[in-house]
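Undergrad: Input entry30.tsv, format and content: TSV, C-alpha atoms.
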chain	number	residue	atom	x	y	z
A	207	MET	CA	0.00	0.00	0.00
A	208	ARG	CA	1.45	3.38	-1.04
A	209	PRO	CA	1.79	6.04	1.70
A	210	ASP	CA	-0.90	8.21	0.06
A	211	THR	CA	-3.42	5.38	0.32
A	212	VAL	CA	-2.87	4.60	4.02
A	213	PRO	CA	-6.15	5.32	5.89
A	214	ALA	CA	-6.05	8.38	8.16
A	215	VAL	CA	-5.92	7.54	11.87
A	216	ARG	CA	-7.31	9.99	14.40
A	217	ILE	CA	-5.60	9.58	17.78
A	218	PHE	CA	-6.92	10.83	21.12
A	219	SER	CA	-5.65	10.50	24.65
A	220	GLY	CA	-6.08	12.38	27.91
A	221	ILE	CA	-3.71	12.86	30.82
A	222	GLN	CA	-4.54	13.81	34.39
A	223	PRO	CA	-3.01	17.04	35.70
A	224	THR	CA	-3.04	15.72	39.27
A	225	GLY	CA	0.17	14.57	40.89
A	226	GLN	CA	3.71	14.94	39.59
A	227	LYS	CA	4.42	12.97	36.43
A	228	HIS	CA	6.50	9.87	36.99
A	229	LEU	CA	8.44	7.38	34.92
A	230	GLY	CA	5.38	5.20	34.39
A	231	ASN	CA	3.44	8.15	32.93
A	232	TYR	CA	6.36	9.02	30.69
A	233	ILE	CA	6.91	5.51	29.33
A	234	GLY	CA	3.29	4.37	29.19
A	235	ALA	CA	1.70	7.55	27.84
A	236	ILE	CA	3.82	10.60	27.08
A	237	ARG	CA	6.30	8.84	24.78
A	238	GLN	CA	3.34	7.39	22.87
A	239	TYR	CA	1.91	10.89	22.50
A	240	VAL	CA	5.10	12.17	20.92
A	241	GLU	CA	5.29	9.21	18.55
A	242	GLY	CA	1.63	9.63	17.64
A	243	GLN	CA	2.22	13.08	16.17
A	244	ASP	CA	3.70	11.43	13.08
A	245	ARG	CA	0.77	9.04	12.62
A	246	GLY	CA	-2.25	10.94	13.84
A	247	ASP	CA	-4.56	12.82	11.49
A	248	PRO	CA	-4.72	14.61	13.79
A	249	ALA	CA	-3.20	13.52	17.11
A	250	ILE	CA	-5.36	15.07	19.86
A	251	TYR	CA	-4.12	15.30	23.45
A	252	CYS	CA	-6.21	16.60	26.33
A	253	ILE	CA	-5.27	17.63	29.87
A	254	VAL	CA	-8.31	16.24	31.67
A	255	ASP	CA	-8.79	18.71	34.51
A	256	LEU	CA	-12.52	17.92	34.81
A	257	HIS	CA	-11.62	14.37	35.85
A	258	ALA	CA	-9.60	15.77	38.74
A	259	ILE	CA	-12.69	17.05	40.59
A	260	SER	CA	-14.09	13.55	41.15
A	261	VAL	CA	-12.15	13.48	44.43
A	262	ALA	CA	-11.28	16.21	46.94
A	263	TYR	CA	-8.86	18.73	45.43
A	264	ASP	CA	-7.44	22.24	45.83
A	265	PRO	CA	-8.51	24.64	43.02
A	266	ALA	CA	-5.29	26.69	43.07
A	267	GLU	CA	-3.16	23.56	42.97
A	268	LEU	CA	-5.22	22.15	40.09
A	269	ARG	CA	-4.53	25.24	38.00
A	270	GLU	CA	-0.80	25.00	38.73
A	271	ARG	CA	-0.73	21.30	37.86
A	272	VAL	CA	-2.35	22.00	34.49
A	273	TYR	CA	0.55	24.33	33.69
A	274	ASP	CA	3.04	21.75	35.01
A	275	THR	CA	1.57	19.02	32.83
A	276	THR	CA	1.43	21.24	29.74
A	277	ALA	CA	5.08	22.17	30.15
A	278	ILE	CA	6.12	18.52	30.62
A	279	LEU	CA	4.25	17.45	27.49
A	280	LEU	CA	5.87	20.19	25.45
A	281	ALA	CA	9.28	19.44	26.96
A	282	ALA	CA	8.88	15.77	26.04
A	283	GLY	CA	8.38	16.67	22.39
A	284	LEU	CA	4.76	17.61	21.71
A	285	GLU	CA	4.59	20.43	19.16
A	286	PRO	CA	1.39	22.51	18.82
A	287	GLU	CA	1.96	22.65	15.06
A	288	ARG	CA	1.87	18.84	14.84
A	289	CYS	CA	-0.90	17.99	17.31
A	290	VAL	CA	-3.92	19.41	19.12
A	291	LEU	CA	-3.15	20.06	22.79
A	292	PHE	CA	-5.86	21.56	25.00
A	293	ARG	CA	-7.42	21.81	28.44
A	294	GLN	CA	-10.57	19.68	28.80
A	295	SER	CA	-12.59	22.28	30.71
A	296	ASP	CA	-12.17	24.76	27.84
A	297	VAL	CA	-14.25	22.57	25.49
A	298	SER	CA	-17.86	22.38	26.71
A	299	GLU	CA	-18.78	19.64	24.23
A	300	HIS	CA	-17.18	17.12	26.60
A	301	THR	CA	-19.66	17.73	29.40
A	302	GLU	CA	-22.74	17.87	27.20
A	303	LEU	CA	-21.81	14.65	25.44
A	304	THR	CA	-21.25	13.01	28.84
A	305	TRP	CA	-24.89	13.61	29.76
A	306	LEU	CA	-26.15	12.34	26.41
A	307	LEU	CA	-24.02	9.19	26.63
A	308	SER	CA	-25.25	8.53	30.18
A	309	SER	CA	-28.54	7.44	28.59
A	310	VAL	CA	-26.81	4.40	27.07
A	311	THR	CA	-24.54	3.60	30.00
A	312	ALA	CA	-25.64	1.08	32.63
A	313	VAL	CA	-25.22	1.99	36.30
A	314	GLY	CA	-24.18	-1.59	36.99
A	315	GLU	CA	-21.25	-1.21	34.61
A	316	LEU	CA	-20.07	1.90	36.40
A	317	ASN	CA	-20.42	0.28	39.82
A	318	ARG	CA	-18.19	-2.60	38.70
A	319	MET	CA	-15.31	-0.45	37.50
A	320	HIS	CA	-12.18	-1.18	39.51
A	321	GLN	CA	-11.22	2.47	39.78
A	322	PHE	CA	-14.59	3.41	41.26
A	323	ARG	CA	-14.46	0.57	43.78
A	324	ASP	CA	-10.87	1.34	44.82
A	325	LYS	CA	-11.25	5.12	45.08
A	326	SER	CA	-14.67	5.07	46.71
A	327	VAL	CA	-13.26	2.95	49.54
A	328	ALA	CA	-10.54	5.55	50.07
A	329	GLN	CA	-13.01	8.48	50.36
A	330	ARG	CA	-13.66	9.25	54.00
A	331	GLU	CA	-16.26	12.01	53.67
A	332	LEU	CA	-17.93	11.90	50.28
A	333	VAL	CA	-18.10	9.41	47.40
A	334	SER	CA	-19.08	11.78	44.62
A	335	ALA	CA	-21.34	11.04	41.70
A	336	ALA	CA	-18.50	12.43	39.59
A	337	LEU	CA	-16.36	9.49	40.66
A	338	LEU	CA	-19.07	7.10	39.48
A	339	PHE	CA	-19.53	8.99	36.20
A	340	TYR	CA	-15.79	9.32	35.54
A	341	PRO	CA	-15.82	6.60	32.82
A	342	VAL	CA	-18.75	8.28	31.02
A	343	LEU	CA	-16.82	11.55	30.82
A	344	GLN	CA	-13.80	9.57	29.67
A	345	ALA	CA	-15.92	7.98	26.94
A	346	ALA	CA	-17.16	11.41	25.87
A	347	ASP	CA	-13.57	12.67	25.74
A	348	VAL	CA	-12.69	10.08	23.10
A	349	LEU	CA	-15.98	9.66	21.24
A	350	ALA	CA	-16.38	13.41	20.74
A	351	TYR	CA	-13.47	13.28	18.29
A	352	ARG	CA	-14.41	10.04	16.55
A	353	ALA	CA	-10.92	8.84	17.42
A	354	HIS	CA	-9.76	5.54	15.97
A	355	GLU	CA	-6.93	4.95	18.40
A	356	VAL	CA	-6.39	5.62	22.10
A	357	PRO	CA	-2.86	5.27	23.51
A	358	VAL	CA	-3.28	4.08	27.11
A	359	GLY	CA	-1.53	2.11	29.79
A	360	GLU	CA	-2.64	-1.37	30.75
A	361	ASP	CA	-4.56	-0.01	33.75
A	362	GLN	CA	-6.98	1.84	31.43
A	363	ARG	CA	-8.03	-1.20	29.41
A	364	GLU	CA	-11.25	-1.62	31.42
A	365	HIS	CA	-12.32	1.99	30.80
A	366	LEU	CA	-11.61	1.67	27.10
A	367	GLU	CA	-13.75	-1.45	26.84
A	368	LEU	CA	-16.61	0.42	28.50
A	369	MET	CA	-16.39	3.31	26.04
A	370	ARG	CA	-16.37	0.82	23.16
A	371	ASP	CA	-19.55	-0.74	24.57
A	372	VAL	CA	-21.13	2.71	24.96
A	373	ALA	CA	-20.33	3.60	21.34
A	374	ARG	CA	-21.77	0.31	20.05
A	375	ARG	CA	-24.89	0.69	22.18
A	376	PHE	CA	-25.42	4.26	21.01
A	377	ASN	CA	-25.03	3.31	17.35
A	378	ALA	CA	-27.38	0.35	17.72
A	379	ARG	CA	-30.06	2.55	19.29
A	380	PHE	CA	-29.75	5.78	17.33
A	381	GLY	CA	-28.05	4.96	14.05
A	382	GLU	CA	-25.04	3.06	12.79
A	383	ASP	CA	-21.71	4.81	12.34
A	384	ILE	CA	-22.61	7.96	14.29
A	385	LEU	CA	-19.84	7.21	16.77
A	386	VAL	CA	-16.51	5.53	16.02
A	387	VAL	CA	-15.66	2.49	18.16
A	388	PRO	CA	-12.05	3.18	19.18
A	389	GLU	CA	-9.15	0.74	19.50
A	390	HIS	CA	-6.59	0.86	22.28
A	391	ARG	CA	-2.86	1.14	21.71
A	392	ILE	CA	-0.95	-0.33	24.64
A	393	PRO	CA	2.86	-0.44	24.38
A	394	GLU	CA	4.29	-3.95	24.18
A	395	VAL	CA	6.97	-3.06	26.73
A	396	GLY	CA	6.46	-0.59	29.56
A	397	ALA	CA	2.66	-0.58	29.58
A	398	ARG	CA	2.76	-1.02	33.35
A	399	ILE	CA	5.84	0.31	35.13
A	400	MET	CA	5.95	-0.92	38.70
A	401	ASP	CA	6.95	0.71	41.98
A	402	LEU	CA	10.68	0.15	42.58
A	403	GLN	CA	10.08	-0.66	46.27
A	404	GLU	CA	6.85	-2.61	45.84
A	405	PRO	CA	7.15	-4.20	42.38
A	406	SER	CA	3.79	-5.94	42.68
A	407	ASN	CA	2.12	-2.47	42.52
A	408	LYS	CA	2.23	0.01	39.65
A	409	MET	CA	4.29	3.17	40.02
A	410	SER	CA	2.10	6.02	41.30
A	411	THR	CA	2.43	9.37	43.00
A	412	THR	CA	-0.74	8.75	45.01
A	413	GLY	CA	-0.74	5.07	45.90
A	414	GLY	CA	2.95	4.23	45.54
A	415	THR	CA	6.03	4.71	47.70
A	416	PRO	CA	8.07	7.94	47.39
A	417	GLU	CA	11.29	5.91	47.24
A	418	GLY	CA	9.93	3.65	44.54
A	419	THR	CA	8.55	6.38	42.29
A	420	VAL	CA	10.92	8.07	39.84
A	421	LEU	CA	9.59	11.50	38.90
A	422	VAL	CA	10.19	12.92	35.44
A	423	LEU	CA	11.67	16.05	37.05
A	424	ASP	CA	13.88	14.25	39.59
A	425	ASP	CA	17.52	15.30	39.43
A	426	PRO	CA	20.09	12.70	38.27
A	427	ALA	CA	21.36	11.95	41.78
A	428	THR	CA	17.82	11.25	43.04
A	429	ILE	CA	17.03	9.01	40.06
A	430	GLU	CA	20.22	7.05	40.59
A	431	LYS	CA	19.55	6.68	44.32
A	432	LYS	CA	16.00	5.40	43.80
A	433	ILE	CA	16.93	2.90	41.09
A	434	LYS	CA	19.98	1.57	42.92
A	435	ARG	CA	17.77	0.90	45.95
A	436	ALA	CA	15.15	-0.95	43.87
A	437	VAL	CA	13.87	-4.23	45.31
A	438	THR	CA	14.95	-7.29	43.31
A	439	ASP	CA	15.13	-10.72	44.96
A	440	SER	CA	17.48	-12.93	46.97
A	441	ALA	CA	18.32	-15.43	44.24
A	442	ASP	CA	21.84	-16.84	44.52
A	443	PRO	CA	23.33	-16.54	42.03
A	444	PRO	CA	21.35	-13.55	40.79
A	445	ALA	CA	19.38	-14.26	37.62
A	446	ILE	CA	18.72	-11.30	35.33
A	447	VAL	CA	15.70	-12.65	33.50
A	448	ARG	CA	12.08	-11.68	33.00
A	449	ALA	CA	9.80	-13.96	35.01
A	450	ALA	CA	6.49	-13.79	36.87
A	451	ASP	CA	8.22	-14.65	40.14
A	452	LYS	CA	10.82	-11.91	39.64
A	453	PRO	CA	8.70	-8.73	39.40
A	454	GLY	CA	11.43	-6.36	40.56
A	455	VAL	CA	14.03	-7.67	38.11
A	456	THR	CA	11.48	-7.80	35.28
A	457	ASN	CA	10.53	-4.18	35.98
A	458	LEU	CA	14.16	-3.01	35.77
A	459	ILE	CA	14.71	-4.95	32.53
A	460	ASP	CA	11.63	-3.37	30.96
A	461	ILE	CA	12.62	0.13	32.07
A	462	LEU	CA	16.15	-0.33	30.70
A	463	ALA	CA	14.81	-1.69	27.41
A	464	VAL	CA	12.55	1.32	26.89
A	465	ALA	CA	15.24	3.82	27.91
A	466	ARG	CA	17.72	2.27	25.49
A	467	GLY	CA	15.16	1.74	22.74
A	468	VAL	CA	15.84	-2.01	22.54
A	469	THR	CA	13.95	-5.20	23.33
A	470	PRO	CA	13.89	-6.80	26.79
A	471	GLU	CA	15.54	-9.85	25.21
A	472	SER	CA	18.43	-7.63	24.15
A	473	VAL	CA	18.82	-6.35	27.71
A	474	VAL	CA	18.83	-9.88	29.10
A	475	ALA	CA	21.49	-10.92	26.58
A	476	ASP	CA	23.58	-7.85	27.36
A	477	MET	CA	23.37	-8.59	31.08
A	478	ALA	CA	24.41	-12.23	30.73
A	479	SER	CA	27.91	-11.38	31.96
A	480	ALA	CA	26.78	-9.00	34.72
A	481	ARG	CA	28.22	-9.52	38.18
A	482	GLY	CA	24.80	-9.19	39.79
A	483	TYR	CA	21.75	-7.02	40.18
A	484	GLY	CA	23.99	-4.05	40.94
A	485	ASP	CA	25.11	-3.93	37.31
A	486	LEU	CA	21.50	-4.02	36.12
A	487	LYS	CA	20.55	-1.19	38.47
A	488	ALA	CA	23.56	0.93	37.47
A	489	ALA	CA	22.82	0.49	33.76
A	490	THR	CA	19.15	1.29	34.30
A	491	ALA	CA	19.93	4.41	36.33
A	492	THR	CA	22.30	5.73	33.65
A	493	ALA	CA	19.82	5.07	30.85
A	494	VAL	CA	16.90	6.70	32.69
A	495	VAL	CA	18.96	9.78	33.59
A	496	ASP	CA	20.00	10.15	29.94
A	497	MET	CA	16.40	9.70	28.75
A	498	LEU	CA	14.87	12.25	31.12
A	499	ALA	CA	17.64	14.89	31.15
A	500	PRO	CA	16.45	16.72	27.99
A	501	VAL	CA	12.86	16.78	29.29
A	502	ARG	CA	13.88	18.25	32.64
A	503	GLU	CA	16.07	20.90	30.99
A	504	ARG	CA	13.41	21.92	28.48
A	505	TYR	CA	10.73	21.98	31.19
A	506	ALA	CA	12.72	24.55	33.15
A	507	GLU	CA	12.71	26.80	30.07
A	508	LEU	CA	8.97	26.43	29.42
A	509	ARG	CA	7.26	26.41	32.81
A	510	GLY	CA	7.83	30.05	33.70
A	511	ASP	CA	5.98	31.44	30.68
A	512	GLU	CA	2.35	30.78	31.67
A	513	ASP	CA	1.05	33.25	29.10
A	514	ARG	CA	2.56	31.14	26.35
A	515	LEU	CA	1.20	27.95	27.88
A	516	ASP	CA	-2.27	29.52	28.06
A	517	ALA	CA	-2.02	30.61	24.43
A	518	ILE	CA	-1.09	27.10	23.31
A	519	LEU	CA	-3.96	25.55	25.26
A	520	ALA	CA	-6.45	28.14	23.97
A	521	GLU	CA	-5.43	27.56	20.35
A	522	GLY	CA	-5.77	23.82	20.88
A	523	ALA	CA	-9.20	24.27	22.46
A	524	THR	CA	-10.44	26.18	19.42
A	525	LYS	CA	-9.35	23.36	17.13
A	526	ALA	CA	-10.76	20.69	19.47
A	527	SER	CA	-14.12	22.41	19.84
A	528	ALA	CA	-14.53	22.63	16.05
A	529	MET	CA	-14.10	18.85	15.76
A	530	ALA	CA	-16.16	17.92	18.83
A	531	SER	CA	-19.06	20.18	17.81
A	532	GLU	CA	-19.47	18.24	14.56
A	533	THR	CA	-19.91	15.00	16.50
A	534	LEU	CA	-22.22	16.61	19.05
A	535	THR	CA	-24.42	18.04	16.29
A	536	ASP	CA	-24.87	14.56	14.80
A	537	VAL	CA	-25.50	13.02	18.24
A	538	ARG	CA	-28.10	15.64	19.17
A	539	ALA	CA	-29.92	15.23	15.86
A	540	ALA	CA	-29.97	11.44	16.14
A	541	MET	CA	-31.37	11.69	19.69
A	542	GLY	CA	-34.19	14.02	18.65
A	543	PHE	CA	-32.87	17.37	19.91
A	544	GLY	CA	-33.08	20.64	18.03
A	545	PRO	CA	-35.19	21.62	15.01
A	546	ARG	CA	-36.05	19.11	12.30
A	547	GLY	CA	-33.21	18.91	9.78
Show me, as structure tokens, the structure contained in the file I just sent.
TA:
Amino acid sequence: MRPDTVPAVRIFSGIQPTGQKHLGNYIGAIRQYVEGQDRGDPAIYCIVDLHAISVAYDPAELRERVYDTTAILLAAGLEPERCVLFRQSDVSEHTELTWLLSSVTAVGELNRMHQFRDKSVAQRELVSAALLFYPVLQAADVLAYRAHEVPVGEDQREHLELMRDVARRFNARFGEDILVVPEHRIPEVGARIMDLQEPSNKMSTTGGTPEGTVLVLDDPATIEKKIKRAVTDSADPPAIVRAADKPGVTNLIDILAVARGVTPESVVADMASARGYGDLKAATATAVVDMLAPVRERYAELRGDEDRLDAILAEGATKASAMASETLTDVRAAMGFGPRG
């Protein structure tokens, strides 16, 4: 198939502005965003600040985190000329489509979502309806743009399956092909980066350990310290292989493979002559420092100019709204709203 006959692929993904971005975010999502700019027609990336209000939050901090996240995405390689980057709350079509899609979303499905069950248990004062409806808003985020592909981490697979079901159910009830049923794009390696201290749990700034979470903006000495203290196992002699019973070692191999841009098998072969886990940790620390150094340096240049960040987000919102409004117009008409066409 010649390049000019390859079907256009519209890519959409959203990223939370809450919490500091960590190595798992960078490998599982942000790197995919940058790569998607060359394939997407267009590639659409949204900072999902509306999702952040499903749990208790500080308004001033939320605004600051939006700027932080925007600067990190740009520092990592997103270019406004090559993608659409915007703030979710600036595009009202997301919230209206959420309500319309709620009519084809079963409450039982929402109650069974792992994220709702886990986070609702953690809420001491109020389990908000927003937390329950989180997946409907997430579905609206994607379906508003008729996206074909959604780059996500492994932990979002359940939410993507729900939005696929919502799109199918809507089309079956109101008319075929109104909404596009999206496909996920989960990286083969690095889809689920684990906590360095608790390798049975994914890396997280909210549920993980501070010592086991490498932040994108950590300085080289901190990154090296965290990785060199990573939990492995007590095997004697040490075995640098990927295996279900070696989560810590497997995690380091996967991180090193991504940072070097090679396969895990290549890392295992390269480490065949290693003296022990210390060599694996040292190599991983060096590779991660080298991978993140340009992002950290560029971030420092970008973060201080909030007027520029606002301008980029506003321009992206204008482009996003133009696309989402087309979908919403078709959805509203199919559902019987507005004057007869």
Undergrad: Figure out the distance between atom CA of Met319 of chain A and atom CA of Ala373 of chain A, please, to one decimal in Å.
TA: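 Going from atom CA of Ala373 of chain A over to atom CA of Met319 of chain A, I get 17.4 Å.
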Undergrad: Please list as a count of residues only every residue within 10 Å of Ile459 of chain A, counting all atoms listed in the file and excluding residues in the same chain fewer than 4 positions away.
TA: 22
Undergrad: Which is closest to Val420 of chain A among A:Ala488, A:Ile461, A:Leu268, A:Ala350, if we use all atoms listed in the file?
TA: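 Going through A:Ala488, A:Ile461, A:Leu268, A:Ala350 one by one, the smallest distance to Val420 of chain A is for A:Ile461.
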Undergrad: Residues at most 12 Å from Pro444 of chain A, counting only C-alpha atoms, excluding those fewer than 3 positions away in the same chain, as a list in words?
TA: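 The neighbour list is Thr438, Asp439, Ser440, Ala441, Val447, Lys452, Val455, Met477, Ala478, Ser479, Ala480, Arg481, Gly482, Tyr483, Gly484, Asp485 and Leu486 of chain A.
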Undergrad: For the residues in the current selection, export C-alpha atoms as a PDB file, in the frame of the given file.
TA:
ATOM      1  CA  THR A 438      14.950  -7.290  43.310  1.00  0.00           C
ATOM      2  CA  ASP A 439      15.130 -10.720  44.960  1.00  0.00           C
ATOM      3  CA  SER A 440      17.480 -12.930  46.970  1.00  0.00           C
ATOM      4  CA  ALA A 441      18.320 -15.430  44.240  1.00  0.00           C
ATOM      5  CA  VAL A 447      15.700 -12.650  33.500  1.00  0.00           C
ATOM      6  CA  LYS A 452      10.820 -11.910  39.640  1.00  0.00           C
ATOM      7  CA  VAL A 455      14.030  -7.670  38.110  1.00  0.00           C
ATOM      8  CA  MET A 477      23.370  -8.590  31.080  1.00  0.00           C
ATOM      9  CA  ALA A 478      24.410 -12.230  30.730  1.00  0.00           C
ATOM     10  CA  SER A 479      27.910 -11.380  31.960  1.00  0.00           C
ATOM     11  CA  ALA A 480      26.780  -9.000  34.720  1.00  0.00           C
ATOM     12  CA  ARG A 481      28.220  -9.520  38.180  1.00  0.00           C
ATOM     13  CA  GLY A 482      24.800  -9.190  39.790  1.00  0.00           C
ATOM     14  CA  TYR A 483      21.750  -7.020  40.180  1.00  0.00           C
ATOM     15  CA  GLY A 484      23.990  -4.050  40.940  1.00  0.00           C
ATOM     16  CA  ASP A 485      25.110  -3.930  37.310  1.00  0.00           C
ATOM     17  CA  LEU A 486      21.500  -4.020  36.120  1.00  0.00           C
TER      18      LEU A 486
END
Undergrad: Closest to Leu332 of chain A among A:Val422, A:Ile233, A:Val261, A:Leu280, using all atoms listed in the file?
TA: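 Among the listed residues, A:Val261 lies closest to Leu332 of chain A.
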Undergrad: Go ahead and compute the interatomic distance for atom CA of Glu382 of chain A and atom CA of Arg538 of chain A, in Å to one decimal.
TA: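 Pair atom CA of Glu382 of chain A / atom CA of Arg538 of chain A returns 14.4 Å.
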Undergrad: Considering all atoms listed in the file, can you say which of A:Ala277, A:Ala262, A:Val342, A:Leu316 comes closest to Ala328 of chain A?
TA: A:Ala262
Undergrad: So, counting all atoms listed in the file, which residue among A:Val297, A:Met369, A:Ala258, A:Leu279 is closest to Val348 of chain A?
TA: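 Selected residue with least distance to Val348 of chain A: A:Met369.
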Undergrad: In Å, rounded to a single decimal, give me how far atom CA of Tyr351 of chain A is from atom CA of Val310 of chain A.
TA: 18.3 Å
Undergrad: Once you count all atoms listed in the file, which residues end up no further than 8 Å from (2.5, 2.7, 38.9) in the file's frame, shown as a PDB file with C-alpha atoms, in the frame of the given file?
TA:
ATOM      1  CA  GLY A 230       5.380   5.200  34.390  1.00  0.00           C
ATOM      2  CA  ARG A 398       2.760  -1.020  33.350  1.00  0.00           C
ATOM      3  CA  ILE A 399       5.840   0.310  35.130  1.00  0.00           C
ATOM      4  CA  MET A 400       5.950  -0.920  38.700  1.00  0.00           C
ATOM      5  CA  ASP A 401       6.950   0.710  41.980  1.00  0.00           C
ATOM      6  CA  ASN A 407       2.120  -2.470  42.520  1.00  0.00           C
ATOM      7  CA  LYS A 408       2.230   0.010  39.650  1.00  0.00           C
ATOM      8  CA  MET A 409       4.290   3.170  40.020  1.00  0.00           C
ATOM      9  CA  SER A 410       2.100   6.020  41.300  1.00  0.00           C
ATOM     10  CA  THR A 411       2.430   9.370  43.000  1.00  0.00           C
ATOM     11  CA  GLY A 414       2.950   4.230  45.540  1.00  0.00           C
ATOM     12  CA  THR A 419       8.550   6.380  42.290  1.00  0.00           C
TER      13      THR A 419
END
Undergrad: Measuring between only C-alpha atoms, which one of A:Gln238, A:Ser326, A:Thr524, A:Gln403 shows the shortest distance to Ile217 of chain A?
TA: A:Gln238
Undergrad: Rank A:Arg546, A:Leu229, A:Thr275, A:Lys325 by their smallest atom-to-atom distance to Leu462 of chain A, using all atoms listed in the file, and report the top residue only.
TA: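 Of A:Arg546, A:Leu229, A:Thr275, A:Lys325, the one nearest Leu462 of chain A, counting all atoms listed in the file, is A:Leu229.
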Undergrad: Give me, as number ranges by chain, all polymer residues having an atom no more than 9 Å from segment 496-511 of chain A, counting only C-alpha atoms and skipping those fewer than 4 positions away in the same chain.
TA: A: 229, 273-274, 276-283, 422-426, 465-466, 491-492, 515-516
Undergrad: Those residues you just picked out, can you put them in a file as an mmCIF file, in the coordinates of the input with C-alpha atoms?
TA:
data_model
loop_
_atom_site.group_PDB
_atom_site.id
_atom_site.type_symbol
_atom_site.label_atom_id
_atom_site.label_comp_id
_atom_site.auth_asym_id
_atom_site.auth_seq_id
_atom_site.Cartn_x
_atom_site.Cartn_y
_atom_site.Cartn_z
ATOM 1 C CA LEU A 229 8.440 7.380 34.920
ATOM 2 C CA TYR A 273 0.550 24.330 33.690
ATOM 3 C CA ASP A 274 3.040 21.750 35.010
ATOM 4 C CA THR A 276 1.430 21.240 29.740
ATOM 5 C CA ALA A 277 5.080 22.170 30.150
ATOM 6 C CA ILE A 278 6.120 18.520 30.620
ATOM 7 C CA LEU A 279 4.250 17.450 27.490
ATOM 8 C CA LEU A 280 5.870 20.190 25.450
ATOM 9 C CA ALA A 281 9.280 19.440 26.960
ATOM 10 C CA ALA A 282 8.880 15.770 26.040
ATOM 11 C CA GLY A 283 8.380 16.670 22.390
ATOM 12 C CA VAL A 422 10.190 12.920 35.440
ATOM 13 C CA LEU A 423 11.670 16.050 37.050
ATOM 14 C CA ASP A 424 13.880 14.250 39.590
ATOM 15 C CA ASP A 425 17.520 15.300 39.430
ATOM 16 C CA PRO A 426 20.090 12.700 38.270
ATOM 17 C CA ALA A 465 15.240 3.820 27.910
ATOM 18 C CA ARG A 466 17.720 2.270 25.490
ATOM 19 C CA ALA A 491 19.930 4.410 36.330
ATOM 20 C CA THR A 492 22.300 5.730 33.650
ATOM 21 C CA LEU A 515 1.200 27.950 27.880
ATOM 22 C CA ASP A 516 -2.270 29.520 28.060
#
